[in-house]
Amino acid sequence: MRLASALNRSVIFALLWVTLTGGSADALIYGGLAVAAATLLSLRLYPADQPGIVLWRVAGFLPRFLADAFMGGLDVARRALDPRLPIAPGWVRAQLTNRNEAAGVLLGGVVSILPGSLAAGPGDAEMDVHLLNVTRYAADGMQADERRVLGLFDRRIDSHNVANG
Amino acid sequence: MSWTDLAVLALLGAGLAFYGAGSLGLLRFPDTASRLHALTKADNLGLGLVALAAALHWGSLAVAAKIALVWLFAVIAAGITSQLLARQARLDGTRSHRDGVQP
């Protein structure tokens with residue numbers, strides 16, 4: 001488990017290194033060291049027994065994420081440029097169905113990309129969300145976002161569900 | 001000037017416009033968290049458009065992949081830092097409300 005995880009992660013880090021640097025042969029030693037250090041750090045920060053993200057599911061997630069990022073930027077730019085400044089900012093507390101912190105942080109990041117909402121990090125199965133227009137809050141939208149984010153993880157994420165204690 | 005150059009110019013211009021709108025939001029929005037909306041979302045989109053322009057300008061898949069990664073890392077960093085700042089803004093807001101101080 002731990003070995004498979006270390007291998008998986010080092011392959012990903014190696015691909016990142018090659019993409020970012022061009023991966024020339026005389027820099028391989030530095031690349032190797034960087035990949036090894038990144039893998040060790042990653043295993044220390046997020047141990048192999050934690051719920052993992054399934055890579056191919058990320059591919060299915062990306063188009064919607066990019067569209068959200070586009071709409072989010074467009075929406076806030078429109079509000080900033082409008083002379084009437086059409087915002088009614090305020091906080092809401094959203095209830096989550098899962099306690100896993102990594103999933104919570106990822107959900108917060110996704111929510112912060114969406115038009116009009118910005119997360120203040122996960123709490124214990126809840127999340128404070130700041131809205132540019134607090135009169136437009138829809139709790140079921142937040143639940144759908146959480147389902148999409150949880151869907152990126154493997155089955156181990158289910159043990160962190162609130163319903164399971 | 002080729003069609004590619006025109007597209008590069010259009011993308012660059014749009015990207016800069018979003019950076020401008022983000023900065024305007026930073027100045028105009030009334031509270032810390034609203035300002036974070038402007039900075040993270042508009043700048044993510046601005047950077048994305050500038051990155052697209054750069055990828056198109058150099059026209060190589062390797063450069064495009066590198067730029068896409070840089071964009072992704074910037075979005076991840078913005079997603080994490082904005083949550084940390086928003087959390088602090090939330091805590092400060094609650095505290096000043098409790099103490100009867102206007103934020």
# chains A, B, ... in the order shown; residues from 1 in each chain; ligands from 1
$ interface_residues --of "chain B" --to "chain A" --cutoff "6 Å" --atoms "only C-alpha atoms" --output "PyMOL selection string"
chain B and resi 21+25+38+41-42+45+66+79+83+86-87
$ residues_around --residues "B:Ala17" --least-positions-apart "4" --cutoff "10 Å" --atoms "only C-alpha atoms" --output "CSV table (one decimal) with C-alpha atoms, in the first residue's frame"
chain,number,residue,atom,x,y,z
A,77,ALA,CA,-15.4,41.4,-12.8
B,11,LEU,CA,-6.4,37.0,-25.1
B,12,LEU,CA,-3.7,39.2,-23.6
B,13,GLY,CA,-6.1,42.2,-23.6
B,21,ALA,CA,-11.4,44.4,-12.8
B,22,GLY,CA,-9.9,42.3,-9.9
B,23,SER,CA,-7.8,45.3,-8.7
B,42,ALA,CA,-10.8,37.7,-11.5
B,43,ASP,CA,-7.0,37.1,-11.2
B,46,GLY,CA,-6.8,36.9,-16.0
$ residues_around --residues "A:Trp56" --least-positions-apart "6" --cutoff "12 Å" --atoms "only C-alpha atoms" --output "number ranges by chain"
A: 62, 151-154
$ write_last_selection --atoms "N, CA, C and O atoms" --output "mmCIF file, in the first residue's frame"
data_model
loop_
_atom_site.group_PDB
_atom_site.id
_atom_site.type_symbol
_atom_site.label_atom_id
_atom_site.label_comp_id
_atom_site.auth_asym_id
_atom_site.auth_seq_id
_atom_site.Cartn_x
_atom_site.Cartn_y
_atom_site.Cartn_z
ATOM 1 N N LEU A 62 -12.514 18.215 -14.491
ATOM 2 C CA LEU A 62 -11.865 19.443 -14.980
ATOM 3 C C LEU A 62 -12.720 20.357 -15.862
ATOM 4 O O LEU A 62 -12.707 21.573 -15.648
ATOM 5 N N GLY A 151 -16.664 12.670 -4.841
ATOM 6 C CA GLY A 151 -16.604 11.696 -5.923
ATOM 7 C C GLY A 151 -15.223 11.546 -6.526
ATOM 8 O O GLY A 151 -14.952 10.592 -7.258
ATOM 9 N N LEU A 152 -14.305 12.480 -6.220
ATOM 10 C CA LEU A 152 -12.932 12.388 -6.727
ATOM 11 C C LEU A 152 -12.110 11.387 -5.925
ATOM 12 O O LEU A 152 -11.093 10.890 -6.383
ATOM 13 N N PHE A 153 -12.561 11.105 -4.684
ATOM 14 C CA PHE A 153 -11.776 10.264 -3.782
ATOM 15 C C PHE A 153 -12.157 8.793 -3.936
ATOM 16 O O PHE A 153 -13.229 8.471 -4.459
ATOM 17 N N ASP A 154 -11.245 7.908 -3.447
ATOM 18 C CA ASP A 154 -11.583 6.484 -3.444
ATOM 19 C C ASP A 154 -12.517 6.177 -2.264
ATOM 20 O O ASP A 154 -12.906 7.067 -1.520
#
$ closest_residue --among "B:Thr94, B:Leu52, B:Ala77, B:Ala7" --to "B:Ala65" --atoms "only C-alpha atoms"
B:Leu52
$ residues_around --residues "A:Ser10" --least-positions-apart "2" --cutoff "12 Å" --atoms "only C-alpha atoms" --output "list in words"
Leu3, Ala4, Ser5, Ala6, Leu7, Asn8, Ile12, Phe13, Ala14, Leu15, Leu16, Trp17, Gly31, Gly32, Leu33, Ala34, Val35, Ala36, Ala37, Ala38, Thr39, Leu40, Leu41, Ser42 and Leu43 of chain A
$ write_last_selection --atoms "N, CA, C and O atoms" --output "mmCIF file, in the first residue's frame"
data_model
loop_
_atom_site.group_PDB
_atom_site.id
_atom_site.type_symbol
_atom_site.label_atom_id
_atom_site.label_comp_id
_atom_site.auth_asym_id
_atom_site.auth_seq_id
_atom_site.Cartn_x
_atom_site.Cartn_y
_atom_site.Cartn_z
ATOM 1 N N LEU A 3 4.115 1.325 -0.478
ATOM 2 C CA LEU A 3 5.061 1.290 -1.597
ATOM 3 C C LEU A 3 4.365 1.728 -2.886
ATOM 4 O O LEU A 3 4.898 2.532 -3.659
ATOM 5 N N ALA A 4 3.147 1.206 -3.105
ATOM 6 C CA ALA A 4 2.392 1.572 -4.313
ATOM 7 C C ALA A 4 2.140 3.069 -4.331
ATOM 8 O O ALA A 4 2.278 3.738 -5.365
ATOM 9 N N SER A 5 1.803 3.590 -3.159
ATOM 10 C CA SER A 5 1.529 5.014 -3.039
ATOM 11 C C SER A 5 2.787 5.836 -3.346
ATOM 12 O O SER A 5 2.737 6.838 -4.068
ATOM 13 N N ALA A 6 3.926 5.386 -2.793
ATOM 14 C CA ALA A 6 5.196 6.093 -3.024
ATOM 15 C C ALA A 6 5.541 6.076 -4.506
ATOM 16 O O ALA A 6 5.975 7.082 -5.080
ATOM 17 N N LEU A 7 5.324 4.903 -5.146
ATOM 18 C CA LEU A 7 5.621 4.791 -6.580
ATOM 19 C C LEU A 7 4.722 5.715 -7.394
ATOM 20 O O LEU A 7 5.182 6.480 -8.245
ATOM 21 N N ASN A 8 3.404 5.640 -7.109
ATOM 22 C CA ASN A 8 2.435 6.504 -7.796
ATOM 23 C C ASN A 8 2.845 7.962 -7.717
ATOM 24 O O ASN A 8 2.881 8.680 -8.713
ATOM 25 N N ILE A 12 4.156 10.778 -10.574
ATOM 26 C CA ILE A 12 3.487 12.075 -10.796
ATOM 27 C C ILE A 12 4.483 13.222 -10.659
ATOM 28 O O ILE A 12 4.553 14.121 -11.505
ATOM 29 N N PHE A 13 5.311 13.169 -9.587
ATOM 30 C CA PHE A 13 6.285 14.253 -9.376
ATOM 31 C C PHE A 13 7.319 14.283 -10.503
ATOM 32 O O PHE A 13 7.767 15.349 -10.921
ATOM 33 N N ALA A 14 7.706 13.084 -10.988
ATOM 34 C CA ALA A 14 8.676 13.029 -12.092
ATOM 35 C C ALA A 14 8.070 13.675 -13.343
ATOM 36 O O ALA A 14 8.741 14.442 -14.045
ATOM 37 N N LEU A 15 6.789 13.362 -13.606
ATOM 38 C CA LEU A 15 6.129 13.965 -14.770
ATOM 39 C C LEU A 15 6.062 15.487 -14.624
ATOM 40 O O LEU A 15 6.298 16.229 -15.590
ATOM 41 N N LEU A 16 5.754 15.938 -13.411
ATOM 42 C CA LEU A 16 5.699 17.388 -13.165
ATOM 43 C C LEU A 16 7.068 18.007 -13.425
ATOM 44 O O LEU A 16 7.192 19.054 -14.068
ATOM 45 N N TRP A 17 8.122 17.335 -12.919
ATOM 46 C CA TRP A 17 9.481 17.874 -13.084
ATOM 47 C C TRP A 17 9.852 17.963 -14.570
ATOM 48 O O TRP A 17 10.367 18.983 -15.027
ATOM 49 N N GLY A 31 16.810 16.455 -10.680
ATOM 50 C CA GLY A 31 15.421 16.025 -10.828
ATOM 51 C C GLY A 31 15.121 14.842 -9.929
ATOM 52 O O GLY A 31 14.103 14.827 -9.224
ATOM 53 N N GLY A 32 16.032 13.879 -9.929
ATOM 54 C CA GLY A 32 15.848 12.684 -9.099
ATOM 55 C C GLY A 32 15.753 13.057 -7.629
ATOM 56 O O GLY A 32 14.869 12.577 -6.903
ATOM 57 N N LEU A 33 16.678 13.929 -7.200
ATOM 58 C CA LEU A 33 16.667 14.365 -5.795
ATOM 59 C C LEU A 33 15.370 15.095 -5.464
ATOM 60 O O LEU A 33 14.756 14.859 -4.421
ATOM 61 N N ALA A 34 14.950 15.987 -6.375
ATOM 62 C CA ALA A 34 13.727 16.768 -6.134
ATOM 63 C C ALA A 34 12.514 15.850 -6.046
ATOM 64 O O ALA A 34 11.655 16.007 -5.166
ATOM 65 N N VAL A 35 12.452 14.856 -6.953
ATOM 66 C CA VAL A 35 11.316 13.928 -6.959
ATOM 67 C C VAL A 35 11.299 13.111 -5.671
ATOM 68 O O VAL A 35 10.245 12.949 -5.031
ATOM 69 N N ALA A 36 12.482 12.629 -5.242
ATOM 70 C CA ALA A 36 12.553 11.842 -4.006
ATOM 71 C C ALA A 36 12.124 12.690 -2.809
ATOM 72 O O ALA A 36 11.331 12.246 -1.966
ATOM 73 N N ALA A 37 12.625 13.924 -2.747
ATOM 74 C CA ALA A 37 12.281 14.804 -1.622
ATOM 75 C C ALA A 37 10.780 15.111 -1.620
ATOM 76 O O ALA A 37 10.131 15.079 -0.567
ATOM 77 N N ALA A 38 10.220 15.379 -2.815
ATOM 78 C CA ALA A 38 8.789 15.700 -2.909
ATOM 79 C C ALA A 38 7.953 14.504 -2.476
ATOM 80 O O ALA A 38 6.947 14.655 -1.768
ATOM 81 N N THR A 39 8.381 13.290 -2.880
ATOM 82 C CA THR A 39 7.613 12.091 -2.519
ATOM 83 C C THR A 39 7.640 11.876 -1.007
ATOM 84 O O THR A 39 6.601 11.606 -0.393
ATOM 85 N N LEU A 40 8.823 12.023 -0.394
ATOM 86 C CA LEU A 40 8.928 11.842 1.055
ATOM 87 C C LEU A 40 8.068 12.861 1.797
ATOM 88 O O LEU A 40 7.324 12.515 2.717
ATOM 89 N N LEU A 41 8.169 14.100 1.367
ATOM 90 C CA LEU A 41 7.397 15.174 2.017
ATOM 91 C C LEU A 41 5.900 14.909 1.869
ATOM 92 O O LEU A 41 5.117 15.071 2.810
ATOM 93 N N SER A 42 5.513 14.483 0.670
ATOM 94 C CA SER A 42 4.105 14.233 0.391
ATOM 95 C C SER A 42 3.571 13.098 1.270
ATOM 96 O O SER A 42 2.474 13.183 1.820
ATOM 97 N N LEU A 43 4.398 12.032 1.425
ATOM 98 C CA LEU A 43 3.956 10.905 2.265
ATOM 99 C C LEU A 43 3.877 11.311 3.728
ATOM 100 O O LEU A 43 3.068 10.792 4.494
#
$ select_by_dssp --residues "stretch 78-162 of chain A" --states "strand (DSSP E or B)" --output "list in words"
Ala88, Gly90, Trp91, Val92, Arg93, Ala94, Gln95, Asn98, Ser117, Leu118, Ala119, Ala120, Gly121, Pro122, Glu126, Met127, Asp128, Val129, His130, Leu131, Asn133, Phe153 and Asn161 of chain A
$ atom_distance --atom1 "atom CA of A:Val162" --atom2 "atom CA of A:Leu96"
8.0 Å
$ closest_residue --among "A:Arg64, A:Arg9, A:Asp26, A:Asp82" --to "A:Pro47" --atoms "only C-alpha atoms"
A:Arg9
$ closest_residue --among "A:Thr97, A:Ala125, A:Ala138, A:Val92" --to "B:Arg90" --atoms "only C-alpha atoms"
A:Val92
$ residues_around --residues "A:Asp49" --least-positions-apart "3" --cutoff "10 Å" --atoms "only C-alpha atoms" --output "list in words"
Met1, Arg2, Ser5, Leu43, Tyr46, Gly52 and Arg156 of chain A
$ write_last_selection --atoms "C-alpha atoms" --output "compact mmCIF listing (two decimals), in the first residue's frame"
# COMPACT_ATOMS: atom_id res chain seq x y z
CA MET A 1 0.00 0.00 0.00
CA ARG A 2 2.67 2.43 1.14
CA SER A 5 1.53 5.01 -3.04
CA LEU A 43 3.96 10.91 2.26
CA TYR A 46 -0.58 13.12 3.56
CA GLY A 52 -6.68 8.91 -2.18
CA ARG A 156 -11.91 5.22 2.00
